[in-house]
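File shown: coords.cif. Contents: mmCIF, C-alpha atoms and all ligand atoms.
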data_protein
loop_
_atom_site.label_atom_id
_atom_site.label_comp_id
_atom_site.auth_asym_id
_atom_site.auth_seq_id
_atom_site.Cartn_x
_atom_site.Cartn_y
_atom_site.Cartn_z
CA MET A 11 26.35 8.05 -8.08
CA LEU A 12 23.38 8.40 -5.75
CA PRO A 13 20.09 9.25 -7.52
CA PHE A 14 19.32 11.89 -4.86
CA ALA A 15 21.49 13.48 -2.16
CA ARG A 16 18.81 15.22 -0.01
CA VAL A 17 15.57 13.36 0.56
CA THR A 18 12.55 14.65 2.49
CA ILE A 19 9.73 12.44 3.71
CA ILE A 20 6.35 14.02 4.49
CA GLY A 21 4.25 11.70 6.71
CA ILE A 22 6.27 9.46 9.04
CA GLY A 23 3.99 6.42 9.34
CA LEU A 24 4.56 2.79 8.38
CA ILE A 25 5.67 3.62 4.83
CA GLY A 26 7.47 6.92 5.50
CA SER A 27 9.46 5.47 8.40
CA SER A 28 10.28 2.33 6.38
CA ILE A 29 11.63 4.48 3.53
CA ALA A 30 13.74 6.43 6.06
CA ARG A 31 15.14 3.25 7.61
CA ALA A 32 15.76 1.62 4.22
CA THR A 33 17.48 4.78 2.89
CA ARG A 34 19.75 4.93 5.95
CA ALA A 35 20.68 1.28 5.39
CA ALA A 36 21.18 1.42 1.61
CA MET A 37 22.40 5.00 1.06
CA PRO A 38 23.87 6.20 4.39
CA SER A 39 25.30 9.42 2.92
CA VAL A 40 21.84 10.73 1.88
CA ALA A 41 20.76 13.71 4.00
CA LEU A 42 17.33 12.68 5.33
CA THR A 43 14.68 15.09 6.58
CA GLY A 44 11.27 14.14 7.93
CA TYR A 45 8.06 15.99 8.71
CA ASP A 46 4.70 14.80 10.07
CA ALA A 47 1.62 16.88 10.88
CA ASP A 48 1.39 15.12 14.25
CA ALA A 49 3.80 16.52 16.89
CA ASP A 50 3.82 13.19 18.78
CA VAL A 51 4.89 11.38 15.62
CA ARG A 52 7.67 13.93 15.07
CA ALA A 53 8.86 13.36 18.66
CA THR A 54 8.84 9.59 18.12
CA ALA A 55 10.82 9.97 14.88
CA GLU A 56 13.42 12.07 16.76
CA ARG A 57 13.65 9.48 19.51
CA LEU A 58 14.08 6.64 17.00
CA ASP A 59 16.82 8.66 15.24
CA MET A 60 15.54 7.87 11.74
CA PHE A 61 16.38 11.25 10.17
CA ASP A 62 19.24 13.73 10.16
CA ASP A 63 16.60 16.35 10.83
CA VAL A 64 12.93 16.31 11.84
CA ALA A 65 11.51 19.66 10.73
CA SER A 66 8.71 21.48 12.53
CA SER A 67 6.99 22.61 9.31
CA SER A 68 6.72 21.02 5.89
CA GLY A 69 8.05 24.19 4.24
CA ALA A 70 11.25 23.95 6.31
CA ALA A 71 11.45 20.22 5.53
CA VAL A 72 11.53 20.65 1.73
CA ILE A 73 13.56 23.85 1.44
CA ASP A 74 16.79 22.17 0.23
CA ALA A 75 15.44 18.77 -0.87
CA ASP A 76 16.13 17.21 -4.26
CA LEU A 77 13.51 14.48 -3.67
CA VAL A 78 10.31 14.95 -1.65
CA ILE A 79 8.19 11.83 -1.01
CA LEU A 80 4.62 12.27 0.26
CA CYS A 81 3.75 9.35 2.55
CA VAL A 82 0.40 10.61 3.87
CA PRO A 83 -3.07 9.06 3.36
CA VAL A 84 -4.40 9.49 -0.19
CA GLY A 85 -7.08 11.96 0.93
CA ALA A 86 -4.43 14.18 2.58
CA MET A 87 -2.06 14.39 -0.44
CA GLU A 88 -3.39 17.66 -1.89
CA ALA A 89 -3.39 19.57 1.41
CA ALA A 90 0.04 18.20 2.35
CA ALA A 91 1.49 19.28 -1.03
CA CYS A 92 -0.15 22.75 -0.82
CA ASP A 93 1.49 23.17 2.58
CA PHE A 94 5.04 23.17 1.17
CA ALA A 95 4.36 24.41 -2.40
CA ALA A 96 5.84 27.87 -1.78
CA ASP A 97 9.10 26.43 -0.40
CA LEU A 98 9.71 23.65 -2.94
CA PRO A 99 13.00 24.15 -4.85
CA ALA A 100 12.38 24.46 -8.63
CA ASP A 101 14.60 21.49 -9.48
CA ALA A 102 13.23 19.12 -6.81
CA VAL A 103 11.45 15.93 -7.86
CA VAL A 104 8.19 15.17 -6.01
CA SER A 105 6.98 11.62 -5.52
CA ASP A 106 4.46 9.81 -3.31
CA VAL A 107 3.52 6.30 -2.18
CA GLY A 108 -0.28 6.48 -2.41
CA SER A 109 -2.18 3.23 -2.94
CA CYS A 110 -4.25 4.64 -5.81
CA LYS A 111 -2.79 6.82 -8.51
CA ALA A 112 -5.24 8.64 -10.82
CA GLU A 113 -6.67 10.72 -7.97
CA VAL A 114 -3.21 11.35 -6.48
CA VAL A 115 -1.82 12.50 -9.86
CA ARG A 116 -4.76 14.93 -10.10
CA ALA A 117 -4.24 16.17 -6.52
CA LEU A 118 -0.48 16.66 -6.81
CA THR A 119 -0.70 18.33 -10.22
CA ALA A 120 -3.30 20.76 -8.85
CA ALA A 121 -1.21 21.57 -5.77
CA LEU A 122 2.18 21.76 -7.55
CA PRO A 123 1.46 22.78 -11.18
CA ASN A 124 5.12 23.54 -12.01
CA ALA A 125 6.80 20.64 -10.21
CA THR A 126 8.31 17.47 -11.68
CA ILE A 127 6.05 14.73 -10.31
CA VAL A 128 6.86 11.00 -10.47
CA PRO A 129 4.10 9.14 -8.58
CA ALA A 130 4.98 5.73 -7.14
CA HIS A 131 3.28 2.92 -5.26
CA PRO A 132 5.41 0.40 -3.38
CA VAL A 133 3.25 -2.73 -3.26
CA ALA A 134 4.39 -3.64 0.23
CA GLY A 135 2.92 -3.10 3.65
CA THR A 136 1.56 -4.60 6.81
CA GLU A 137 -1.63 -4.08 8.82
CA ARG A 138 0.25 -1.81 11.25
CA SER A 139 0.67 1.97 11.12
CA GLY A 140 2.78 4.70 12.68
CA PRO A 141 6.53 5.41 12.87
CA GLU A 142 7.33 2.45 15.11
CA ALA A 143 5.77 -0.03 12.68
CA GLY A 144 8.29 0.60 9.88
CA PHE A 145 11.31 -1.56 9.02
CA ALA A 146 14.20 -1.31 6.55
CA THR A 147 13.52 -4.49 4.59
CA LEU A 148 9.84 -3.80 3.85
CA PHE A 149 10.49 -3.18 0.13
CA HIS A 150 12.94 -6.03 -0.51
CA LYS A 151 11.87 -7.96 -3.64
CA ARG A 152 8.52 -6.15 -3.67
CA TRP A 153 7.23 -4.27 -6.72
CA CYS A 154 7.23 -0.50 -6.83
CA ILE A 155 4.91 0.77 -9.57
CA LEU A 156 5.70 4.17 -11.12
CA THR A 157 2.82 6.01 -12.82
CA PRO A 158 4.36 9.16 -14.33
CA PRO A 159 1.92 11.42 -16.19
CA GLU A 160 2.58 11.72 -19.94
CA GLY A 161 5.46 14.06 -20.73
CA THR A 162 7.27 13.57 -17.39
CA ASP A 163 11.03 14.13 -17.64
CA ALA A 164 12.64 10.72 -18.40
CA LEU A 165 15.69 11.43 -16.24
CA ALA A 166 13.48 12.21 -13.22
CA ILE A 167 11.62 8.90 -13.75
CA GLU A 168 14.90 7.00 -13.93
CA ARG A 169 16.25 8.69 -10.77
CA VAL A 170 13.12 7.73 -8.80
CA ALA A 171 13.31 4.19 -10.22
CA GLU A 172 16.97 3.93 -9.16
CA PHE A 173 16.12 5.22 -5.67
CA TRP A 174 13.58 2.41 -5.23
CA ARG A 175 15.91 -0.21 -6.72
CA ARG A 176 18.45 0.72 -4.06
CA LEU A 177 15.81 0.14 -1.38
CA GLY A 178 15.49 -3.41 -2.78
CA ALA A 179 12.34 -2.97 -4.89
CA GLU A 180 11.68 -4.06 -8.46
CA ILE A 181 10.25 -1.45 -10.81
CA GLU A 182 7.22 -1.54 -13.07
CA THR A 183 5.78 1.45 -14.94
CA MET A 184 2.11 1.80 -15.92
CA ALA A 185 -0.59 4.40 -16.58
CA PRO A 186 -2.39 5.63 -13.43
CA ASP A 187 -5.81 4.33 -14.57
CA HIS A 188 -4.42 0.90 -15.36
CA HIS A 189 -2.67 0.80 -11.97
CA ASP A 190 -5.98 1.58 -10.25
CA ARG A 191 -7.80 -1.29 -12.01
CA VAL A 192 -5.04 -3.80 -11.27
CA LEU A 193 -4.86 -2.81 -7.60
CA ALA A 194 -8.66 -2.73 -7.30
CA ILE A 195 -8.71 -6.51 -7.82
CA THR A 196 -5.39 -7.47 -6.17
CA SER A 197 -5.58 -5.25 -3.10
CA HIS A 198 -8.67 -3.07 -2.68
CA LEU A 199 -11.34 -5.76 -3.22
CA PRO A 200 -9.58 -8.26 -0.91
CA HIS A 201 -9.56 -5.59 1.80
CA LEU A 202 -13.25 -4.89 1.23
CA ILE A 203 -14.07 -8.59 1.49
CA ALA A 204 -12.01 -8.94 4.67
CA TYR A 205 -13.70 -5.89 6.24
CA THR A 206 -17.10 -7.38 5.30
CA ILE A 207 -16.53 -10.91 6.59
CA VAL A 208 -15.03 -9.72 9.88
CA GLY A 209 -17.85 -7.19 10.26
CA THR A 210 -20.49 -9.85 9.53
CA ALA A 211 -18.95 -12.24 12.07
CA SER A 212 -18.90 -9.56 14.72
CA ASP A 213 -22.63 -8.87 14.13
CA MET A 214 -23.62 -12.57 14.43
CA GLU A 215 -26.14 -13.48 17.08
CA GLU A 216 -26.31 -17.28 16.87
CA VAL A 217 -22.49 -17.69 16.88
CA THR A 218 -20.94 -16.02 19.91
CA GLN A 219 -17.94 -13.69 19.77
CA SER A 220 -15.93 -16.11 21.87
CA GLU A 221 -16.69 -18.93 19.38
CA VAL A 222 -15.59 -16.75 16.45
CA ILE A 223 -12.28 -16.07 18.20
CA LYS A 224 -11.82 -19.60 19.56
CA TYR A 225 -12.23 -21.32 16.17
CA SER A 226 -10.61 -18.58 14.05
CA ALA A 227 -7.78 -20.90 12.89
CA GLY A 228 -10.36 -22.41 10.51
CA GLY A 229 -9.68 -19.51 8.11
CA PHE A 230 -11.27 -16.47 9.73
CA ARG A 231 -8.06 -15.22 11.37
CA ASP A 232 -6.35 -14.75 7.98
CA PHE A 233 -9.08 -12.22 7.09
CA THR A 234 -8.68 -10.46 10.45
CA ARG A 235 -5.08 -9.53 9.62
CA ILE A 236 -6.21 -7.60 6.54
CA ALA A 237 -9.28 -6.21 8.32
CA ALA A 238 -7.00 -4.75 11.02
CA SER A 239 -5.51 -2.34 8.44
CA ASP A 240 -5.53 1.41 9.04
CA PRO A 241 -9.11 2.83 8.81
CA THR A 242 -8.04 6.28 7.54
CA MET A 243 -5.86 4.86 4.81
CA TRP A 244 -8.53 2.45 3.57
CA ARG A 245 -11.41 4.91 3.77
CA ASP A 246 -9.38 7.20 1.50
CA VAL A 247 -8.45 4.39 -0.92
CA PHE A 248 -12.09 3.36 -1.47
CA LEU A 249 -13.25 6.96 -1.95
CA ALA A 250 -10.39 7.80 -4.33
CA ASN A 251 -10.60 4.59 -6.42
CA ARG A 252 -14.40 4.43 -6.41
CA GLU A 253 -14.97 3.59 -10.12
CA ALA A 254 -12.50 0.72 -10.41
CA VAL A 255 -13.52 -0.77 -7.05
CA LEU A 256 -17.24 -0.66 -7.91
CA ASP A 257 -16.53 -2.29 -11.27
CA MET A 258 -14.53 -5.15 -9.70
CA LEU A 259 -17.14 -5.50 -6.96
CA GLN A 260 -19.85 -5.98 -9.63
CA ARG A 261 -17.86 -8.80 -11.26
CA PHE A 262 -17.16 -10.35 -7.87
CA SER A 263 -20.87 -10.27 -6.93
CA GLU A 264 -21.77 -12.06 -10.18
CA ASP A 265 -19.15 -14.77 -9.55
CA LEU A 266 -20.35 -15.13 -5.96
CA SER A 267 -23.93 -15.60 -7.21
CA ALA A 268 -22.72 -18.31 -9.61
CA LEU A 269 -21.05 -20.11 -6.69
CA GLN A 270 -24.21 -19.75 -4.62
CA ARG A 271 -26.16 -21.41 -7.45
CA ALA A 272 -23.59 -24.22 -7.79
CA ILE A 273 -23.92 -24.97 -4.07
CA ARG A 274 -27.73 -24.79 -4.17
CA TRP A 275 -27.98 -27.22 -7.10
CA GLY A 276 -25.26 -29.53 -5.81
CA LYS A 277 -22.90 -28.90 -8.75
CA GLY A 278 -19.78 -30.36 -7.12
CA ASP A 279 -17.82 -30.42 -10.40
CA GLU A 280 -18.15 -26.64 -10.78
CA LEU A 281 -16.90 -26.09 -7.24
CA PHE A 282 -14.04 -28.58 -7.69
CA ASP A 283 -12.92 -26.97 -10.98
CA LEU A 284 -12.86 -23.48 -9.48
CA PHE A 285 -10.99 -24.59 -6.36
CA THR A 286 -8.40 -26.37 -8.55
CA LYS A 287 -7.87 -23.21 -10.63
CA THR A 288 -7.43 -21.03 -7.52
CA ARG A 289 -4.83 -23.41 -6.05
CA ALA A 290 -2.67 -22.77 -9.13
CA VAL A 291 -2.78 -19.00 -8.43
CA ARG A 292 -1.25 -19.60 -4.98
CA ARG A 293 1.49 -21.75 -6.56
CA GLY A 294 2.28 -18.93 -9.02
CA ILE A 295 2.65 -16.38 -6.20
CA ILE A 296 5.09 -18.64 -4.37
CA GLU A 297 7.05 -19.47 -7.53
CA GLN A 298 7.51 -15.74 -8.19
CA GLY A 299 8.89 -15.20 -4.66
CA GLN A 300 5.95 -13.03 -3.54
CA ASP A 301 5.22 -15.16 -0.44
CA ASP A 302 6.75 -17.68 1.93
CA PRO A 303 6.49 -21.25 0.56
CA ALA A 304 6.01 -22.65 4.11
CA PRO A 305 2.47 -23.96 4.75
CA ASP A 306 0.05 -21.81 6.78
CA PHE A 307 2.16 -18.66 6.10
CA GLY A 308 5.06 -20.24 8.01
CA ARG A 309 3.25 -20.23 11.37
CA THR A 310 4.82 -22.53 13.93
CA HIS A 311 2.53 -25.23 15.28
CA GLU A 312 4.23 -26.08 18.55
P1 LIG B 1 0.30 5.87 8.51
O1 LIG B 1 1.17 4.85 9.18
O2 LIG B 1 -1.05 6.15 9.06
O3 LIG B 1 1.12 7.24 8.41
C1 LIG B 1 0.64 8.40 7.77
C2 LIG B 1 1.19 9.61 8.55
O4 LIG B 1 0.94 10.80 7.78
C3 LIG B 1 0.52 9.80 9.92
O5 LIG B 1 1.49 10.02 10.91
C4 LIG B 1 -0.33 11.05 9.67
O6 LIG B 1 -0.55 11.80 10.85
C5 LIG B 1 0.53 11.82 8.71
N1 LIG B 1 -0.20 12.88 8.00
C6 LIG B 1 -1.52 12.93 7.67
N2 LIG B 1 -1.79 14.08 7.01
C7 LIG B 1 -0.61 14.76 6.92
C8 LIG B 1 -0.24 16.02 6.35
N3 LIG B 1 -1.13 16.79 5.72
N4 LIG B 1 1.06 16.42 6.46
C9 LIG B 1 1.97 15.64 7.09
N5 LIG B 1 1.67 14.45 7.66
C10 LIG B 1 0.40 14.01 7.56
O7 LIG B 1 0.06 5.47 6.96
P2 LIG B 1 0.91 4.51 6.00
O8 LIG B 1 0.42 3.12 6.15
O9 LIG B 1 2.37 4.81 6.14
O10 LIG B 1 0.37 5.02 4.59
C11 LIG B 1 0.88 6.19 3.99
C12 LIG B 1 0.59 6.16 2.49
O11 LIG B 1 1.17 4.97 1.95
C13 LIG B 1 -0.90 6.12 2.11
O12 LIG B 1 -1.12 6.97 1.02
C14 LIG B 1 -1.13 4.69 1.71
O13 LIG B 1 -2.17 4.59 0.74
C15 LIG B 1 0.22 4.29 1.16
N6 LIG B 1 0.56 2.85 1.24
C16 LIG B 1 0.30 2.16 2.39
C17 LIG B 1 0.62 0.81 2.48
C18 LIG B 1 0.31 0.02 3.73
O14 LIG B 1 0.26 -1.22 3.69
N7 LIG B 1 0.13 0.66 4.87
C19 LIG B 1 1.25 0.18 1.39
C20 LIG B 1 1.56 0.93 0.25
C21 LIG B 1 1.21 2.27 0.19
P3 LIG B 1 -2.00 11.59 11.62
O15 LIG B 1 -2.02 10.13 12.01
O16 LIG B 1 -1.93 12.52 12.75
O17 LIG B 1 -3.05 11.90 10.61
#
Mind turning this structure into structure tokens?
Ligand code: NAP
Amino acid sequence: MLPFARVTIIGIGLIGSSIARATRAAMPSVALTGYDADADVRATAERLDMFDDVASSSGAAVIDADLVILCVPVGAMEAAACDFAADLPADAVVSDVGSCKAEVVRALTAALPNATIVPAHPVAGTERSGPEAGFATLFHKRWCILTPPEGTDALAIERVAEFWRRLGAEIETMAPDHHDRVLAITSHLPHLIAYTIVGTASDMEEVTQSEVIKYSAGGFRDFTRIAASDPTMWRDVFLANREAVLDMLQRFSEDLSALQRAIRWGKGDELFDLFTKTRAVRRGIIEQGQDDPAPDFGRTHE
């Protein structure tokens, strides 16, 4: 039996449109409704035929839903949920895909105090945004982390877990605060570093812009992919997960200072030991199927 028969997606960007496409592919009998605040996005979603219905208000979109998934930027969650609160059926389950969870749990609980809320974070994405960027296989073999607040109905949690399993994801459950610390180091800090290094390179005076671009295959271009990620989404993530990010940033700065000292004093063994340890992390990621084993991310060198 399907975990949900009528699914509504609020926010039809990369993630919302990928969920729509993946649901169509995996559970074609699900009635799918979409809504986005942006009329152009709604028109694109109609043209791409991703939904059975694209509603013109979020209230109309949720009115007969049994699952509503908020796929809007983290900072827009509360307003988006308030928008449809009066029309939400009493037995509907509400979920989201926000990249940080403690703040989203707070926002959704404030907006929908009587609703059953099962927050989720599919750890999958690209640097692109908008409804045309989505694709049905985005969640295949990727983790989806559920962070239900204490006391959440167990059946609702299992239904949301089963929904994501059918989209190809693997499920993990953790407390919102723990999620935010784990993602601060695995996702948020890497984005901050990429934004910094690309920003620093673009401010350089002695190395020209054309040199930065021309020799980017030396490593720089891999940071530019991450640094091309959506500015609204990432602004909201850093503001919402401030504490955990600042904590990880402090540790990172200390480790960077230690490396700086090792270079200054010519401590090659320290550098070699660290670089050997980090190589093993890459091997672990590949062994667990979380990236392509081909060298250089599988780029062709023709
Ligand atoms: P996106 O491509 O920018 O799409 C978000 C869409 O939501 C936009 O069309 C936006 O319209 C719309 N929107 C904003 N406020 C709204 C509101 N109040 N009501 C209805 N629609 C609204 O973003 P995304 O990459 O799909 O990210 C969506 C969520 O997924 C975020 O919470 C993000 O943290 C999370 N996430 C992202 C990734 C990733 O790699 N991208 C991965 C995992 C989770 P406007 O553009 O007009 O504002």
Sort by chain and increasing residue number a table of all residues of chain A within 7 Å of ligand LIG 1 (chain B), each with its closest pair of atoms and their distance in Å to one decimal, counting all atoms listed in the file, and write it as JSON lines.
{"residue": "A:Ile20", "atom": "CA", "partner": "B:LIG1", "partner_atom": "C9", "distance": 5.3}
{"residue": "A:Gly21", "atom": "CA", "partner": "B:LIG1", "partner_atom": "O4", "distance": 3.6}
{"residue": "A:Ile22", "atom": "CA", "partner": "B:LIG1", "partner_atom": "C2", "distance": 5.1}
{"residue": "A:Gly23", "atom": "CA", "partner": "B:LIG1", "partner_atom": "O3", "distance": 3.1}
{"residue": "A:Leu24", "atom": "CA", "partner": "B:LIG1", "partner_atom": "O9", "distance": 3.7}
{"residue": "A:Ile25", "atom": "CA", "partner": "B:LIG1", "partner_atom": "O9", "distance": 3.7}
{"residue": "A:Gly26", "atom": "CA", "partner": "B:LIG1", "partner_atom": "O9", "distance": 5.6}
{"residue": "A:Tyr45", "atom": "CA", "partner": "B:LIG1", "partner_atom": "C9", "distance": 6.3}
{"residue": "A:Asp46", "atom": "CA", "partner": "B:LIG1", "partner_atom": "N5", "distance": 3.9}
{"residue": "A:Ala47", "atom": "CA", "partner": "B:LIG1", "partner_atom": "C9", "distance": 4.0}
{"residue": "A:Asp48", "atom": "CA", "partner": "B:LIG1", "partner_atom": "O16", "distance": 4.5}
{"residue": "A:Val51", "atom": "CA", "partner": "B:LIG1", "partner_atom": "O5", "distance": 6.0}
{"residue": "A:Cys81", "atom": "CA", "partner": "B:LIG1", "partner_atom": "C12", "distance": 4.5}
{"residue": "A:Val82", "atom": "CA", "partner": "B:LIG1", "partner_atom": "O4", "distance": 4.0}
{"residue": "A:Pro83", "atom": "CA", "partner": "B:LIG1", "partner_atom": "O12", "distance": 3.7}
{"residue": "A:Val84", "atom": "CA", "partner": "B:LIG1", "partner_atom": "O12", "distance": 4.3}
{"residue": "A:Ala86", "atom": "CA", "partner": "B:LIG1", "partner_atom": "N2", "distance": 5.2}
{"residue": "A:Met87", "atom": "CA", "partner": "B:LIG1", "partner_atom": "N3", "distance": 6.7}
{"residue": "A:Ala89", "atom": "CA", "partner": "B:LIG1", "partner_atom": "N3", "distance": 5.6}
{"residue": "A:Ala90", "atom": "CA", "partner": "B:LIG1", "partner_atom": "N3", "distance": 3.8}
{"residue": "A:Val107", "atom": "CA", "partner": "B:LIG1", "partner_atom": "O11", "distance": 4.9}
{"residue": "A:Gly108", "atom": "CA", "partner": "B:LIG1", "partner_atom": "O12", "distance": 3.6}
{"residue": "A:Ser109", "atom": "CA", "partner": "B:LIG1", "partner_atom": "O13", "distance": 3.9}
{"residue": "A:Cys110", "atom": "CA", "partner": "B:LIG1", "partner_atom": "O13", "distance": 6.9}
{"residue": "A:His131", "atom": "CA", "partner": "B:LIG1", "partner_atom": "C21", "distance": 5.9}
{"residue": "A:Pro132", "atom": "CA", "partner": "B:LIG1", "partner_atom": "C20", "distance": 5.3}
{"residue": "A:Val133", "atom": "CA", "partner": "B:LIG1", "partner_atom": "C20", "distance": 5.3}
{"residue": "A:Ala134", "atom": "CA", "partner": "B:LIG1", "partner_atom": "C19", "distance": 5.1}
{"residue": "A:Gly135", "atom": "CA", "partner": "B:LIG1", "partner_atom": "O14", "distance": 3.3}
{"residue": "A:Thr136", "atom": "CA", "partner": "B:LIG1", "partner_atom": "O14", "distance": 4.8}
{"residue": "A:Glu137", "atom": "CA", "partner": "B:LIG1", "partner_atom": "O14", "distance": 6.2}
{"residue": "A:Arg138", "atom": "CA", "partner": "B:LIG1", "partner_atom": "N7", "distance": 6.8}
{"residue": "A:Ser139", "atom": "CA", "partner": "B:LIG1", "partner_atom": "O1", "distance": 3.5}
{"residue": "A:Gly140", "atom": "CA", "partner": "B:LIG1", "partner_atom": "O1", "distance": 3.9}
{"residue": "A:Pro141", "atom": "CA", "partner": "B:LIG1", "partner_atom": "O1", "distance": 6.5}
{"residue": "A:Asp240", "atom": "CA", "partner": "B:LIG1", "partner_atom": "O2", "distance": 6.5}
{"residue": "A:Met243", "atom": "CA", "partner": "B:LIG1", "partner_atom": "O13", "distance": 5.5}
{"residue": "A:Val247", "atom": "CA", "partner": "B:LIG1", "partner_atom": "O13", "distance": 6.5}
Restricted to C-alpha atoms, what would the selected residues look like written as a CSV table (one decimal), in the frame of the given file?
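Result file out37.csv:
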chain,number,residue,atom,x,y,z
A,20,ILE,CA,6.4,14.0,4.5
A,21,GLY,CA,4.2,11.7,6.7
A,22,ILE,CA,6.3,9.5,9.0
A,23,GLY,CA,4.0,6.4,9.3
A,24,LEU,CA,4.6,2.8,8.4
A,25,ILE,CA,5.7,3.6,4.8
A,26,GLY,CA,7.5,6.9,5.5
A,45,TYR,CA,8.1,16.0,8.7
A,46,ASP,CA,4.7,14.8,10.1
A,47,ALA,CA,1.6,16.9,10.9
A,48,ASP,CA,1.4,15.1,14.2
A,51,VAL,CA,4.9,11.4,15.6
A,81,CYS,CA,3.8,9.4,2.6
A,82,VAL,CA,0.4,10.6,3.9
A,83,PRO,CA,-3.1,9.1,3.4
A,84,VAL,CA,-4.4,9.5,-0.2
A,86,ALA,CA,-4.4,14.2,2.6
A,87,MET,CA,-2.1,14.4,-0.4
A,89,ALA,CA,-3.4,19.6,1.4
A,90,ALA,CA,0.0,18.2,2.4
A,107,VAL,CA,3.5,6.3,-2.2
A,108,GLY,CA,-0.3,6.5,-2.4
A,109,SER,CA,-2.2,3.2,-2.9
A,110,CYS,CA,-4.2,4.6,-5.8
A,131,HIS,CA,3.3,2.9,-5.3
A,132,PRO,CA,5.4,0.4,-3.4
A,133,VAL,CA,3.2,-2.7,-3.3
A,134,ALA,CA,4.4,-3.6,0.2
A,135,GLY,CA,2.9,-3.1,3.6
A,136,THR,CA,1.6,-4.6,6.8
A,137,GLU,CA,-1.6,-4.1,8.8
A,138,ARG,CA,0.2,-1.8,11.2
A,139,SER,CA,0.7,2.0,11.1
A,140,GLY,CA,2.8,4.7,12.7
A,141,PRO,CA,6.5,5.4,12.9
A,240,ASP,CA,-5.5,1.4,9.0
A,243,MET,CA,-5.9,4.9,4.8
A,247,VAL,CA,-8.4,4.4,-0.9
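When all atoms listed in the file are used to measure the gap to Gly229 in chain A, the shortest distance among A:Leu77, A:Ile207, A:Val217, A:Ala304 belongs to A:Ile207.
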Between A:Arg116, A:Pro123, A:Gly85, A:Glu182, which has the minimum distance to Trp244 in chain A (counting all atoms listed in the file)?
->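 Of A:Arg116, A:Pro123, A:Gly85, A:Glu182, the one nearest Trp244 in chain A is A:Gly85, counting all atoms listed in the file.
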Show which residues sit within 8 Å of Asp190 in chain A, as a ChimeraX atom specification. Count only C-alpha atoms, and ignore same-chain residues fewer than 2 positions away.
-> /A:110-112,186-188,192-194,251,254
Find the distance between CA of Pro99 in chain A and CA of Ala179 in chain A and write it in Å to one decimal.
-> 27.1 Å
Report the distance between CA of Asp50 in chain A and CA of Leu80 in chain A in Å, rounded to one decimal place.
->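 Interatomic distance, CA of Asp50 in chain A to CA of Leu80 in chain A: 18.6 Å.
Closest approach to Arg261 in chain A among A:Val40, A:Leu199, A:Glu142, A:Ala171 is made by A:Leu199 (distances from all atoms listed in the file).
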Please list as a compact mmCIF listing (two decimals) with C-alpha atoms, in the coordinates of the input every residue within 12 Å of Leu284 in chain A, counting all atoms listed in the file and excluding residues in the same chain fewer than 6 positions away.
# COMPACT_ATOMS: atom_id res chain seq x y z
CA ASP A 265 -19.15 -14.77 -9.55
CA LEU A 266 -20.35 -15.13 -5.96
CA ALA A 268 -22.72 -18.31 -9.61
CA LEU A 269 -21.05 -20.11 -6.69
CA ALA A 272 -23.59 -24.22 -7.79
CA LYS A 277 -22.90 -28.90 -8.75
CA GLY A 278 -19.78 -30.36 -7.12
CA ALA A 290 -2.67 -22.77 -9.13
CA VAL A 291 -2.78 -19.00 -8.43
